[in-house]
>>> print(open('run06.txt').read())   # compact mmCIF, C-alpha atoms
# COMPACT_ATOMS: atom_id res chain seq x y z
CA MET R 1 0.00 0.00 0.00
CA THR R 2 2.95 2.34 0.60
CA PRO R 3 5.08 3.60 -2.30
CA ALA R 4 7.62 0.77 -2.61
CA ASP R 5 9.95 2.83 -4.84
CA ASP R 6 10.59 5.52 -2.20
CA SER R 7 10.91 4.68 1.48
CA ARG R 8 12.34 8.01 2.59
CA ALA R 9 10.57 9.56 5.57
CA GLY R 10 9.43 12.63 3.65
CA ALA R 11 8.04 10.55 0.78
CA LEU R 12 6.11 8.30 3.14
CA ILE R 13 4.58 11.31 4.86
CA ARG R 14 3.64 12.91 1.54
CA TRP R 15 2.04 9.68 0.38
CA ALA R 16 0.08 9.33 3.63
CA ALA R 17 -1.08 12.96 3.49
CA ALA R 18 -2.31 12.54 -0.09
CA TYR R 19 -4.16 9.35 0.84
CA LEU R 20 -5.82 10.94 3.86
CA ASP R 21 -6.76 14.05 1.92
CA GLU R 22 -8.30 11.89 -0.81
CA HIS R 23 -10.39 10.16 1.85
CA GLY R 24 -11.69 13.40 3.31
CA ILE R 25 -9.54 13.67 6.43
CA GLU R 26 -9.01 17.28 7.47
CA GLN R 27 -5.48 18.57 8.17
CA ALA R 28 -4.15 15.57 6.26
CA ARG R 29 -0.46 16.55 6.48
CA ARG R 30 -0.64 16.99 10.24
CA GLU R 31 -2.46 13.68 10.61
CA ALA R 32 0.11 11.94 8.41
CA ARG R 33 2.91 13.20 10.65
CA LEU R 34 1.11 11.97 13.76
CA LEU R 35 0.64 8.53 12.21
CA PHE R 36 4.30 8.44 11.21
CA GLU R 37 5.28 9.23 14.80
CA LEU R 38 2.91 6.55 16.05
CA ALA R 39 4.36 3.90 13.73
CA TYR R 40 8.05 4.82 13.84
CA GLY R 41 8.40 6.63 17.16
CA ARG R 42 9.87 9.69 15.42
CA GLU R 43 8.55 13.05 16.55
CA VAL R 44 7.66 15.88 14.17
CA SER R 45 10.90 17.72 14.92
CA TRP R 46 12.84 14.66 13.72
CA GLN R 47 10.63 14.33 10.63
CA LEU R 48 11.33 17.92 9.61
CA THR R 49 15.09 17.41 9.69
CA HIS R 50 15.32 13.83 8.40
CA ALA R 51 13.08 13.88 5.34
CA ASP R 52 15.64 11.88 3.34
CA GLU R 53 16.11 9.20 5.96
CA ILE R 54 15.42 5.70 4.62
CA MET R 55 12.83 4.02 6.83
CA PRO R 56 12.55 0.28 7.46
CA GLU R 57 9.59 -1.45 5.88
CA THR R 58 6.60 -1.65 8.20
CA GLU R 59 3.03 -2.72 7.66
CA GLN R 60 2.02 -0.77 10.74
CA PHE R 61 2.35 2.63 9.12
CA SER R 62 0.25 1.71 6.08
CA ASP R 63 -2.27 0.03 8.37
CA PHE R 64 -2.59 3.18 10.47
CA VAL R 65 -3.05 5.28 7.32
CA ARG R 66 -5.71 2.95 5.96
CA ARG R 67 -7.62 2.88 9.24
CA ARG R 68 -7.44 6.64 9.69
CA GLY R 69 -8.58 7.12 6.10
CA ALA R 70 -11.59 4.94 6.89
CA GLY R 71 -12.45 7.30 9.75
CA GLU R 72 -11.07 5.52 12.80
CA PRO R 73 -10.28 8.22 15.39
CA MET R 74 -6.65 9.02 16.08
CA ALA R 75 -7.23 8.47 19.80
CA TYR R 76 -8.26 4.86 19.20
CA LEU R 77 -5.27 4.27 16.94
CA SER R 78 -2.84 5.59 19.55
CA GLY R 79 -4.85 4.37 22.53
CA ARG R 80 -4.19 7.66 24.31
CA LYS R 81 -5.86 11.02 24.80
CA GLY R 82 -4.91 14.02 26.87
CA PHE R 83 -7.56 15.63 29.07
CA TRP R 84 -6.94 18.50 31.48
CA THR R 85 -3.50 17.64 32.88
CA LEU R 86 -4.02 13.89 32.54
CA ASP R 87 -2.81 11.30 30.06
CA LEU R 88 -5.64 8.83 29.58
CA GLU R 89 -5.85 5.46 27.90
CA VAL R 90 -8.91 5.17 25.66
CA THR R 91 -10.50 2.23 23.87
CA PRO R 92 -13.61 1.88 21.69
CA ASP R 93 -15.47 1.05 24.92
CA THR R 94 -15.16 4.68 26.02
CA LEU R 95 -16.14 8.00 24.53
CA ILE R 96 -13.06 9.98 23.54
CA PRO R 97 -12.55 12.85 26.03
CA ARG R 98 -12.93 16.25 24.40
CA GLY R 99 -11.68 19.68 25.25
CA ASP R 100 -15.26 20.99 25.49
CA THR R 101 -15.77 18.81 28.56
CA GLU R 102 -12.95 20.62 30.36
CA THR R 103 -15.52 23.43 30.71
CA LEU R 104 -16.96 21.46 33.65
CA VAL R 105 -13.61 21.31 35.44
CA GLU R 106 -13.09 25.02 34.88
CA ALA R 107 -16.54 25.75 36.32
CA LEU R 108 -15.81 23.63 39.37
CA LEU R 109 -12.55 25.46 40.05
CA ARG R 110 -14.30 28.79 39.60
CA HIS R 111 -17.02 27.96 42.13
CA ARG R 112 -14.79 26.05 44.54
CA PRO R 113 -11.42 27.86 44.36
CA ASP R 114 -10.31 26.54 47.77
CA ARG R 115 -8.58 23.25 46.88
CA HIS R 116 -9.43 21.86 50.33
CA SER R 117 -13.16 22.61 50.09
CA VAL R 118 -14.09 19.47 48.15
CA THR R 119 -13.77 16.08 49.82
CA SER R 120 -16.22 13.95 47.81
CA VAL R 121 -16.98 13.78 44.09
CA LEU R 122 -19.45 11.70 42.10
CA ASP R 123 -19.16 11.27 38.33
CA LEU R 124 -22.24 9.82 36.63
CA GLY R 125 -21.51 8.09 33.33
CA THR R 126 -17.78 8.20 34.00
CA GLY R 127 -16.57 6.65 30.71
CA SER R 128 -12.77 6.98 30.63
CA GLY R 129 -12.92 8.57 34.09
CA CYS R 130 -11.72 11.88 32.68
CA LEU R 131 -13.99 14.19 34.68
CA LEU R 132 -13.63 12.41 37.99
CA LEU R 133 -9.86 12.08 37.71
CA ALA R 134 -9.44 15.71 36.63
CA ALA R 135 -11.41 16.83 39.69
CA LEU R 136 -9.40 14.59 42.02
CA SER R 137 -6.16 15.93 40.56
CA GLU R 138 -7.21 19.45 41.59
CA TYR R 139 -8.65 18.64 45.03
CA PRO R 140 -6.03 16.61 46.93
CA GLN R 141 -8.28 15.72 49.88
CA ALA R 142 -11.16 14.45 47.75
CA PHE R 143 -12.30 10.88 47.21
CA GLY R 144 -14.43 10.11 44.19
CA ILE R 145 -16.81 7.52 42.78
CA GLY R 146 -17.37 7.01 39.07
CA VAL R 147 -20.52 5.24 37.89
CA ASP R 148 -20.95 3.59 34.51
CA ARG R 149 -23.36 1.03 33.11
CA ALA R 150 -20.67 -1.03 31.36
CA GLU R 151 -18.20 -3.22 33.25
CA ARG R 152 -15.54 -2.89 30.54
CA THR R 153 -15.82 0.89 30.68
CA ALA R 154 -15.52 0.94 34.46
CA ARG R 155 -12.42 -1.27 34.22
CA GLN R 156 -10.87 1.21 31.80
CA ALA R 157 -11.61 4.10 34.17
CA ARG R 158 -9.96 2.15 37.01
CA LYS R 159 -6.90 1.65 34.84
CA ASN R 160 -6.75 5.38 34.09
CA ALA R 161 -6.91 6.08 37.81
CA ARG R 162 -3.87 3.83 38.30
CA LEU R 163 -2.02 5.37 35.35
CA ASN R 164 -2.46 8.83 36.88
CA ASP R 165 -1.62 7.80 40.46
CA LEU R 166 -5.18 8.42 41.66
CA ALA R 167 -6.34 4.85 42.31
CA SER R 168 -6.20 5.26 46.10
CA ARG R 169 -8.73 8.09 45.91
CA ALA R 170 -11.14 6.69 43.33
CA ASP R 171 -13.58 3.83 43.10
CA PHE R 172 -15.80 2.79 40.21
CA VAL R 173 -19.27 1.26 40.30
CA VAL R 174 -21.18 -0.54 37.56
CA ALA R 175 -24.76 0.67 37.82
CA ASP R 176 -27.59 2.54 36.12
CA TRP R 177 -26.72 6.10 37.08
CA SER R 178 -26.96 6.53 40.87
CA ASP R 179 -29.30 3.62 41.67
CA PRO R 180 -27.14 1.84 44.28
CA LEU R 181 -25.73 4.92 46.01
CA ASP R 182 -26.75 6.01 49.50
CA ALA R 183 -24.42 8.93 50.11
CA ARG R 184 -24.14 12.66 49.61
CA PHE R 185 -21.35 14.42 47.73
CA ASP R 186 -19.82 17.87 47.63
CA VAL R 187 -19.77 17.73 43.83
CA VAL R 188 -21.66 15.73 41.21
CA LEU R 189 -20.31 15.80 37.66
CA SER R 190 -21.79 14.29 34.52
CA ASN R 191 -21.37 14.31 30.77
CA PRO R 192 -24.37 12.15 29.87
CA PRO R 193 -25.55 11.12 26.40
CA TYR R 194 -27.34 14.10 24.84
CA ILE R 195 -27.53 13.57 21.09
CA PRO R 196 -31.13 13.17 19.84
CA LYS R 197 -31.48 9.68 18.41
CA ASP R 198 -32.40 10.86 14.90
CA ASP R 199 -29.38 13.19 14.79
CA ILE R 200 -26.78 10.48 15.38
CA PRO R 201 -26.53 9.28 11.73
CA GLY R 202 -25.61 12.85 10.72
CA LEU R 203 -22.60 13.09 13.03
CA MET R 204 -19.04 12.85 11.73
CA LYS R 205 -18.21 9.37 10.46
CA ASP R 206 -15.44 8.84 12.99
CA VAL R 207 -17.99 9.40 15.77
CA VAL R 208 -20.87 7.36 14.34
CA ALA R 209 -18.85 4.36 13.22
CA TYR R 210 -16.40 4.07 16.11
CA GLU R 211 -17.48 5.70 19.37
CA PRO R 212 -19.89 3.80 21.66
CA GLY R 213 -23.48 4.53 20.70
CA ALA R 214 -24.72 4.26 24.28
CA ALA R 215 -22.53 7.24 25.20
CA LEU R 216 -24.15 9.35 22.48
CA ASP R 217 -27.84 8.42 22.35
CA GLY R 218 -29.90 10.80 24.47
CA GLY R 219 -33.28 9.50 23.32
CA ASP R 220 -35.83 11.17 21.07
CA ASP R 221 -35.04 14.73 22.21
CA GLY R 222 -31.60 14.16 23.71
CA LEU R 223 -32.81 14.79 27.25
CA ASP R 224 -33.55 11.29 28.60
CA ALA R 225 -30.47 11.19 30.85
CA TYR R 226 -31.24 14.59 32.41
CA ARG R 227 -34.73 13.44 33.34
CA GLN R 228 -33.15 10.55 35.20
CA ILE R 229 -30.17 12.30 36.77
CA ILE R 230 -31.46 15.71 37.82
CA PRO R 231 -34.39 14.65 40.07
CA ARG R 232 -31.94 12.49 42.07
CA LEU R 233 -29.54 15.34 42.76
CA THR R 234 -31.39 16.58 45.84
CA ASP R 235 -30.57 13.23 47.49
CA LEU R 236 -27.01 13.09 46.16
CA LEU R 237 -25.77 16.58 47.03
CA GLN R 238 -24.56 17.88 50.35
CA PRO R 239 -26.49 20.99 51.52
CA GLN R 240 -23.89 23.30 49.93
CA GLY R 241 -23.08 20.91 47.09
CA LEU R 242 -22.82 21.63 43.38
CA ALA R 243 -23.80 19.61 40.34
CA ILE R 244 -22.19 20.43 36.99
CA LEU R 245 -23.58 18.81 33.86
CA GLU R 246 -22.61 19.03 30.21
CA PHE R 247 -25.27 19.28 27.49
CA GLY R 248 -25.57 19.71 23.74
CA ILE R 249 -25.86 22.85 21.65
CA GLY R 250 -29.16 24.63 22.29
CA GLN R 251 -30.25 22.41 25.19
CA GLU R 252 -29.52 24.87 28.00
CA GLU R 253 -33.09 26.07 28.57
CA ASP R 254 -34.56 22.57 28.51
CA VAL R 255 -31.98 21.30 31.00
CA ALA R 256 -32.46 24.38 33.20
CA ASN R 257 -36.23 23.85 33.22
CA ILE R 258 -35.80 20.20 34.26
CA ALA R 259 -33.59 21.40 37.10
CA ARG R 260 -36.03 24.05 38.28
CA MET R 261 -38.89 21.56 38.24
CA ALA R 262 -36.78 19.32 40.48
CA GLY R 263 -36.37 22.16 42.97
CA LEU R 264 -32.76 22.98 42.11
CA SER R 265 -31.25 26.42 41.58
CA VAL R 266 -29.43 27.31 38.37
CA VAL R 267 -26.18 28.93 39.49
CA GLU R 268 -24.53 29.43 36.10
CA LEU R 269 -24.62 28.49 32.45
CA CYS R 270 -21.05 28.05 31.21
CA ALA R 271 -19.63 28.56 27.72
CA ASP R 272 -16.76 26.60 26.24
CA LEU R 273 -13.75 28.15 24.51
CA ALA R 274 -15.77 28.52 21.30
CA GLY R 275 -18.39 30.55 23.14
CA ILE R 276 -20.99 27.75 22.98
CA THR R 277 -23.06 27.28 26.13
CA ARG R 278 -21.88 23.86 27.22
CA ALA R 279 -22.56 23.22 30.92
CA ILE R 280 -24.91 24.06 33.76
CA VAL R 281 -24.04 24.55 37.43
CA LEU R 282 -26.80 23.59 39.87
CA SER R 283 -27.25 23.76 43.63
CA ARG R 284 -29.83 22.58 46.14
>>> encode(input="run06.txt", output="structure tokens")
Amino acid sequence: MTPADDSRAGALIRWAAAYLDEHGIEQARREARLLFELAYGREVSWQLTHADEIMPETEQFSDFVRRRGAGEPMAYLSGRKGFWTLDLEVTPDTLIPRGDTETLVEALLRHRPDRHSVTSVLDLGTGSGCLLLAALSEYPQAFGIGVDRAERTARQARKNARLNDLASRADFVVADWSDPLDARFDVVLSNPPYIPKDDIPGLMKDVVAYEPGAALDGGDDGLDAYRQIIPRLTDLLQPQGLAILEFGIGQEEDVANIARMAGLSVVELCADLAGITRAIVLSR
């Protein structure tokens, strides 16, 4: 699949970029360089100064290019994804952590700037564990519980806790949201599924074909999870506790109304770096 007549590093990268561009992958040259680094262990700085270096034959590089051209996310190819200050391991069992979700961590730090003020955190639908582990990394006295419906996902979150030296302060439960919990928390975090069912086929192909559907599907209007989670928050939060939830574009008023009907106060609606309203902060 690779150009057998030219195995120089620069030629391989040019070939990969052309292939990715032909298959509709944005920023094809950048992606080609990342795949080269993944296959050969050579960083971009090396690539820029060793374009004429003859590379050993490897099926891995062409395999990575083919899979990326088919739409497989880079995070699943590498098995890693950065989130906040963490390095996380991701698999197709978990939603890939996104920068937009860091909005929740920023909101938590804004409302609880004292790093000793949070001692307990609950993360509903923990996935890779990114939200819970980011919170624990900022609040050194906190212990956290992550809840997920899938055993394989919870195992991955446990592994990420170990990889980031947070395993002693985190536990993970396989359950349907908060069903088995009889405790109150200083903070409840959640990035639940919020894509309306009929909108899922129109998402980017790397999302639809590869990321877990259960982590995307929010029901007919995208709000099913909020109707389950929000009414339980009065029993899950300490008297001065906060809940911070992510939602989809344009869902802020619907989520806020569900919260008000449950007797909760809307403290803030938070925008992400693109200026899109992305999260809601609630209190009892």
>>> closest_atom_pairs(input="run06.txt", of="stretch 110-203 of chain R", to="stretch 223-247 of chain R", cutoff="8 Å", atoms="only C-alpha atoms", output="tab-separated table")
residue	atom	partner	partner_atom	distance
R:Trp177	CA	R:Ile229	CA	7.1
R:Ser178	CA	R:Ile229	CA	7.8
R:Asp182	CA	R:Leu236	CA	7.8
R:Ala183	CA	R:Leu236	CA	6.3
R:Arg184	CA	R:Leu236	CA	4.5
R:Phe185	CA	R:Leu237	CA	5.0
R:Asp186	CA	R:Gly241	CA	4.5
R:Val187	CA	R:Leu242	CA	5.0
R:Val188	CA	R:Ala243	CA	4.5
R:Leu189	CA	R:Ile244	CA	5.0
R:Ser190	CA	R:Leu245	CA	4.9
R:Asn191	CA	R:Glu246	CA	4.9
R:Pro192	CA	R:Ala225	CA	6.3
R:Pro193	CA	R:Ala225	CA	6.6
R:Tyr194	CA	R:Leu223	CA	6.0
R:Pro196	CA	R:Leu223	CA	7.8
>>> closest_residue(input="run06.txt", among="R:Leu77, R:Leu216, R:Met204, R:Val90", to="R:Gly125", atoms="only C-alpha atoms")
R:Leu216
>>> atom_distance(input="run06.txt", atom1="atom CA of R:Glu102", atom2="atom CA of R:Ser78")
21.1 Å
>>> closest_residue(input="run06.txt", among="R:Thr126, R:Thr85, R:Gln47, R:Ser283", to="R:Thr153", atoms="only C-alpha atoms")
R:Thr126
>>> closest_residue(input="run06.txt", among="R:Tyr139, R:Leu163, R:Phe172, R:Thr91", to="R:Asp123", atoms="all atoms listed in the file")
R:Phe172
>>> closest_residue(input="run06.txt", among="R:Ala175, R:Ala271, R:Cys130, R:Leu181", to="R:Gln156", atoms="only C-alpha atoms")
R:Cys130
>>> closest_residue(input="run06.txt", among="R:Ala16, R:Ala256, R:Ala28, R:Ile96", to="R:Phe61", atoms="only C-alpha atoms")
R:Ala16
>>> atom_distance(input="run06.txt", atom1="atom CA of R:Ala75", atom2="atom CA of R:Asp52")
28.4 Å
>>> closest_residue(input="run06.txt", among="R:Met55, R:Glu26, R:Arg284, R:Glu138", to="R:Gly41", atoms="all atoms listed in the file")
R:Met55
>>> atom_distance(input="run06.txt", atom1="atom CA of R:Leu20", atom2="atom CA of R:Met74")
12.4 Å
>>> axis_aligned_box(input="run06.txt", around="stretch 48-60 of chain R", padding_each_side="5 Å", output="lines of an AutoDock Vina configuration file")
center_x = 9.1
center_y = 7.6
center_z = 7.0
size_x = 24.1
size_y = 30.6
size_z = 17.4
>>> decode(input="run06.txt", residues="stretch 103-117 of chain R", atoms="all heavy atoms", output="CSV table (one decimal), in the first residue's frame")
chain,number,residue,atom,x,y,z
R,103,THR,N,-14.7,22.3,30.2
R,103,THR,CA,-15.5,23.4,30.7
R,103,THR,C,-16.1,23.1,32.1
R,103,THR,O,-16.2,24.0,32.9
R,103,THR,CB,-16.7,23.7,29.7
R,103,THR,OG1,-16.1,24.0,28.4
R,103,THR,CG2,-17.5,24.9,30.2
R,104,LEU,N,-16.4,21.8,32.4
R,104,LEU,CA,-17.0,21.5,33.7
R,104,LEU,C,-15.9,21.6,34.7
R,104,LEU,O,-16.2,22.0,35.9
R,104,LEU,CB,-17.5,20.0,33.6
R,104,LEU,CG,-18.9,19.8,33.0
R,104,LEU,CD1,-18.9,20.1,31.5
R,104,LEU,CD2,-19.4,18.4,33.3
R,105,VAL,N,-14.7,21.2,34.5
R,105,VAL,CA,-13.6,21.3,35.4
R,105,VAL,C,-13.3,22.8,35.7
R,105,VAL,O,-13.1,23.2,36.9
R,105,VAL,CB,-12.4,20.6,35.0
R,105,VAL,CG1,-11.3,20.6,36.1
R,105,VAL,CG2,-12.7,19.2,34.5
R,106,GLU,N,-13.3,23.6,34.7
R,106,GLU,CA,-13.1,25.0,34.9
R,106,GLU,C,-14.2,25.6,35.8
R,106,GLU,O,-13.9,26.5,36.6
R,106,GLU,CB,-13.0,25.7,33.5
R,106,GLU,CG,-11.8,25.3,32.7
R,106,GLU,CD,-12.0,25.8,31.2
R,106,GLU,OE1,-13.1,26.2,30.8
R,106,GLU,OE2,-11.0,25.6,30.5
R,107,ALA,N,-15.4,25.2,35.5
R,107,ALA,CA,-16.5,25.8,36.3
R,107,ALA,C,-16.4,25.3,37.8
R,107,ALA,O,-16.7,26.1,38.7
R,107,ALA,CB,-17.9,25.3,35.8
R,108,LEU,N,-16.0,24.1,38.0
R,108,LEU,CA,-15.8,23.6,39.4
R,108,LEU,C,-14.7,24.4,40.1
R,108,LEU,O,-14.9,24.9,41.2
R,108,LEU,CB,-15.4,22.1,39.4
R,108,LEU,CG,-15.1,21.5,40.7
R,108,LEU,CD1,-16.2,21.7,41.7
R,108,LEU,CD2,-14.7,20.0,40.5
R,109,LEU,N,-13.6,24.7,39.4
R,109,LEU,CA,-12.6,25.5,40.0
R,109,LEU,C,-13.0,26.9,40.3
R,109,LEU,O,-12.6,27.5,41.3
R,109,LEU,CB,-11.3,25.4,39.2
R,109,LEU,CG,-10.6,24.1,39.0
R,109,LEU,CD1,-9.5,24.1,38.0
R,109,LEU,CD2,-10.0,23.7,40.4
R,110,ARG,N,-13.8,27.4,39.4
R,110,ARG,CA,-14.3,28.8,39.6
R,110,ARG,C,-15.2,28.9,40.8
R,110,ARG,O,-15.2,29.9,41.6
R,110,ARG,CB,-15.0,29.2,38.3
R,110,ARG,CG,-15.4,30.7,38.3
R,110,ARG,CD,-15.7,31.1,36.8
R,110,ARG,NE,-16.8,30.3,36.2
R,110,ARG,CZ,-16.6,29.4,35.2
R,110,ARG,NH1,-15.4,29.2,34.8
R,110,ARG,NH2,-17.6,28.8,34.7
R,111,HIS,N,-16.1,27.9,41.0
R,111,HIS,CA,-17.0,28.0,42.1
R,111,HIS,C,-16.5,27.4,43.4
R,111,HIS,O,-17.0,27.7,44.5
R,111,HIS,CB,-18.3,27.2,41.7
R,111,HIS,CG,-19.1,28.0,40.7
R,111,HIS,ND1,-20.0,29.0,41.1
R,111,HIS,CD2,-19.2,27.9,39.4
R,111,HIS,CE1,-20.6,29.4,40.0
R,111,HIS,NE2,-20.1,28.8,39.0
R,112,ARG,N,-15.4,26.6,43.3
R,112,ARG,CA,-14.8,26.0,44.5
R,112,ARG,C,-13.3,26.3,44.4
R,112,ARG,O,-12.5,25.3,44.3
R,112,ARG,CB,-15.1,24.6,44.7
R,112,ARG,CG,-16.6,24.2,45.0
R,112,ARG,CD,-17.0,24.7,46.4
R,112,ARG,NE,-18.4,24.4,46.7
R,112,ARG,CZ,-19.4,25.1,46.5
R,112,ARG,NH1,-19.2,26.3,45.9
R,112,ARG,NH2,-20.6,24.8,46.8
R,113,PRO,N,-12.8,27.5,44.5
R,113,PRO,CA,-11.4,27.9,44.4
R,113,PRO,C,-10.5,27.3,45.5
R,113,PRO,O,-9.3,27.1,45.3
R,113,PRO,CB,-11.4,29.4,44.3
R,113,PRO,CG,-12.6,29.8,45.0
R,113,PRO,CD,-13.6,28.8,44.7
R,114,ASP,N,-11.1,27.1,46.7
R,114,ASP,CA,-10.3,26.5,47.8
R,114,ASP,C,-10.1,25.0,47.5
R,114,ASP,O,-11.1,24.3,47.5
R,114,ASP,CB,-11.1,26.7,49.1
R,114,ASP,CG,-10.3,26.2,50.3
R,114,ASP,OD1,-9.3,25.5,50.1
R,114,ASP,OD2,-10.8,26.4,51.4
R,115,ARG,N,-8.9,24.6,47.3
R,115,ARG,CA,-8.6,23.3,46.9
R,115,ARG,C,-8.8,22.3,48.0
R,115,ARG,O,-8.7,21.1,47.8
R,115,ARG,CB,-7.2,23.1,46.3
R,115,ARG,CG,-6.9,24.0,45.1
R,115,ARG,CD,-7.9,23.8,44.0
R,115,ARG,NE,-7.7,24.8,43.0
R,115,ARG,CZ,-6.9,24.6,41.9
R,115,ARG,NH1,-6.2,23.6,41.8
R,115,ARG,NH2,-6.8,25.6,41.0
R,116,HIS,N,-9.1,22.8,49.2
R,116,HIS,CA,-9.4,21.9,50.3
R,116,HIS,C,-10.9,21.8,50.6
R,116,HIS,O,-11.3,21.2,51.6
R,116,HIS,CB,-8.6,22.3,51.6
R,116,HIS,CG,-7.2,22.3,51.4
R,116,HIS,ND1,-6.4,21.1,51.2
R,116,HIS,CD2,-6.3,23.3,51.2
R,116,HIS,CE1,-5.1,21.4,51.0
R,116,HIS,NE2,-5.0,22.7,51.0
R,117,SER,N,-11.7,22.5,49.8
R,117,SER,CA,-13.2,22.6,50.1
R,117,SER,C,-14.0,21.4,49.6
R,117,SER,O,-15.1,21.3,49.9
R,117,SER,CB,-13.7,23.9,49.5
R,117,SER,OG,-13.6,23.9,48.1
